[in-house]
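Colleague: Can you read through this structure? Questions will come right after.
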Amino acid sequence: MRQRHKPWADDFLQEHPDTVISNPVSYRGRWKDVFANDAPIHLEIGTGKGQFIVEMAKQYPNINFIGIEVAKSIIVTAAQKVLVSEQLNIRLLHVDAERLTELFAKDELTKICLNFSDPWPKNRHEKRRLTYYTFLDKYKEVLRPNGEIILKTDNMGLFEYSLASFSQNGMRIEEVNLDLHEADDSTNRMTEYEEKFTAKGQPIYRCRITCNHKGNS
Ligand SMILES: C[S@@+](CC[C@H](N)C(=O)[O-])C[C@H]1O[C@@H](n2cnc3c(N)ncnc32)[C@H](O)[C@@H]1O
């Protein structure tokens, strides 16, 4: 995603520590206290400009949503959307997903959404793909038993790679859809990238994965 320098971003983040949580590591294991309820927590990794998480939070007011985004100039745009929406069930974290297990305790999450993750097509960049086995190990750790991963992408290379990686790492492929919009799923909420690719007529691929704990798979 294109990043523009936003000189106001640091000030903005400091002014909104309850929307983009400052020092998120300190809430590991007690995110329910942050939301002041015990509802399931769904995580989106690589939230981008925030359209998906805001629309999902409106659609499912009884779910808590957390979005992780590593790019400061992008997460501030997502935070502006969250503030305008006035949804109380969203928090954003300006952090790299590499740190997932520092942020969440075992079994703390119910679902992880990977939306249009960077494909990193070169072999030497495989470790950066969000479905590389080191990331899957972290997802297993923080997802509760039978927790779900939903992946959407326009990129067939990443999709094929991810299906193989899920399967090789003991996760269960529950659903595969090779043209999400042809299926006309009214519950689907589009991301910014999804809108762009869909407008160009490109198919969107989606899969749903369930995940047991390491050793139980
Ligand atoms: C291609 S964009 C897609 C954005 C959005 N999900 C969408 O579909 O419109 C990928 C996003 O993931 C973020 N990202 C990539 N790697 C990340 C990581 N390791 N941790 C957190 N965010 C990451 C990027 O900064 C970028 O905003």
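The chains in the structure tokens are called A, B, ... from first to last as shown; in each chain the residues are counted from 1, and the ligands are counted from 1 in the order shown.
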Return as CSV the residues of region 59-129 of chain A lying at most 12 Å from region 171-190 of chain A, together with the closest atom-to-atom pair for each and the distance in Å to one decimal, counting only C-alpha atoms, with rows in chain order and ascending residue number.
Modeller:
```
residue,atom,partner,partner_atom,distance
A:Gln59,CA,A:Thr187,CA,8.5
A:Tyr60,CA,A:Thr187,CA,10.4
A:Cys113,CA,A:Arg189,CA,11.8
A:Asn115,CA,A:Met190,CA,9.4
A:Phe116,CA,A:Met190,CA,10.7
```
Colleague: Save the residues we just selected, N, CA and C atoms, as a CSV table (one decimal), in the first residue's frame?
Modeller:
```
chain,number,residue,atom,x,y,z
A,59,GLN,N,-21.3,-4.4,11.6
A,59,GLN,CA,-22.2,-5.6,11.3
A,59,GLN,C,-22.3,-6.5,12.5
A,60,TYR,N,-21.2,-6.6,13.3
A,60,TYR,CA,-21.2,-7.5,14.4
A,60,TYR,C,-20.9,-6.8,15.7
A,113,CYS,N,-8.1,-12.5,10.5
A,113,CYS,CA,-8.4,-12.2,9.1
A,113,CYS,C,-7.1,-11.7,8.5
A,115,ASN,N,-6.2,-10.1,5.1
A,115,ASN,CA,-6.9,-9.5,3.9
A,115,ASN,C,-5.8,-8.9,3.0
A,116,PHE,N,-5.7,-9.5,1.8
A,116,PHE,CA,-4.8,-8.9,0.8
A,116,PHE,C,-3.4,-8.6,1.3
```
Colleague: List as a PyMOL selection string the protein and nucleic acid residues near region 30-41 of chain A, meaning an atom at most 7 Å away when only C-alpha atoms are counted, but skip any in the same chain fewer than 2 places from it.
Modeller: chain A and resi 27-28+43+62-65+89+109-111
Colleague: Of the candidates A:Tyr132, A:Tyr205, A:Phe197, A:Tyr139, which one gets nearest to Thr153 (chain A) if we count only C-alpha atoms?
Modeller: A:Tyr205
Colleague: Name the residues of region 34-176 of chain A that fall into strand (DSSP E) according to DSSP on the backbone, using the chain letters and numbers of this document, as a PyMOL selection string.
Modeller: chain A and resi 41-45+64-69+90-94+109-115+143-153+172-176
Colleague: Contacts of Tyr193 (chain A) at 12 Å or less, counting only C-alpha atoms, minus same-chain residues fewer than 4 places along, as number ranges by chain?
Modeller: A: 1-2, 46-52, 115-118, 152-155, 189, 197-200, 202, 204
Colleague: Can you check which residues of region 7-196 of chain A DSSP gives as helix (DSSP H, G or I) on the backbone and send them as a PyMOL selection string?
Modeller: chain A and resi 9-15+24-27+31-35+51-59+72-85+97-103+123-128+133-142+156-168+192-196
Colleague: Point out the residue among A:Arg206, A:Arg129, A:His16, A:Lys106 with the least atom-to-atom distance to ligand 1, counting only C-alpha atoms and all ligand atoms.
Modeller: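 Nearest candidate to ligand 1 out of A:Arg206, A:Arg129, A:His16, A:Lys106: A:Arg129.
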Colleague: State, in Å with one decimal place, the distance from CA of Lys6 (chain A) to atom 6 (N, counted along the ligand's line) of ligand 1.
Modeller: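 Atom-to-atom, CA of Lys6 (chain A) and atom 6 (N, counted along the ligand's line) of ligand 1 are spaced 19.7 Å apart.
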Colleague: So how far away is atom 8 (O, counted along the ligand's line) of ligand 1 from CA of Ile150 (chain A), in Å?
Modeller: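 Rounded to one decimal, the two atoms are 12.5 Å apart.
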Colleague: Expressed in Å to a single decimal, how great is the separation between CA of Gly147 (chain A) and CA of Ser85 (chain A)?
Modeller: 27.5 Å
Colleague: When distances are computed from only C-alpha atoms and all ligand atoms, which of A:Glu160, A:Glu195, A:Glu126, A:Glu141 shows the smallest separation from ligand 1?
Modeller: A:Glu195
Colleague: With a distance cut-off of 12 Å and only C-alpha atoms, select the neighbouring residues of Ala78 (chain A), excluding the residue or stretch itself and same-chain residues fewer than 5 positions from it, and output the selection as a PyMOL selection string.
Modeller: chain A and resi 9+12-13+19-20+46-55+66-73+83-85+90-94+191-192
Colleague: Can you work out which one of A:Ile74, A:Ile209, A:Ile21, A:Val82 has the shortest atom-to-atom distance to ligand 1, counting only C-alpha atoms and all ligand atoms?
Modeller: A:Ile74
Colleague: Nearest residue to ligand 1 out of A:Lys138, A:Arg99, A:His42, A:Lys122, using only C-alpha atoms and all ligand atoms?
Modeller: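 When distances to ligand 1 are compared using only C-alpha atoms and all ligand atoms, the smallest one comes from A:Arg99.
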Colleague: Restricting the calculation to only C-alpha atoms and all ligand atoms: of A:Lys140, A:Lys81, A:Lys196, A:Lys58, which residue gets closest to ligand 1?
Modeller: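 The closest residue to ligand 1 is A:Lys196.
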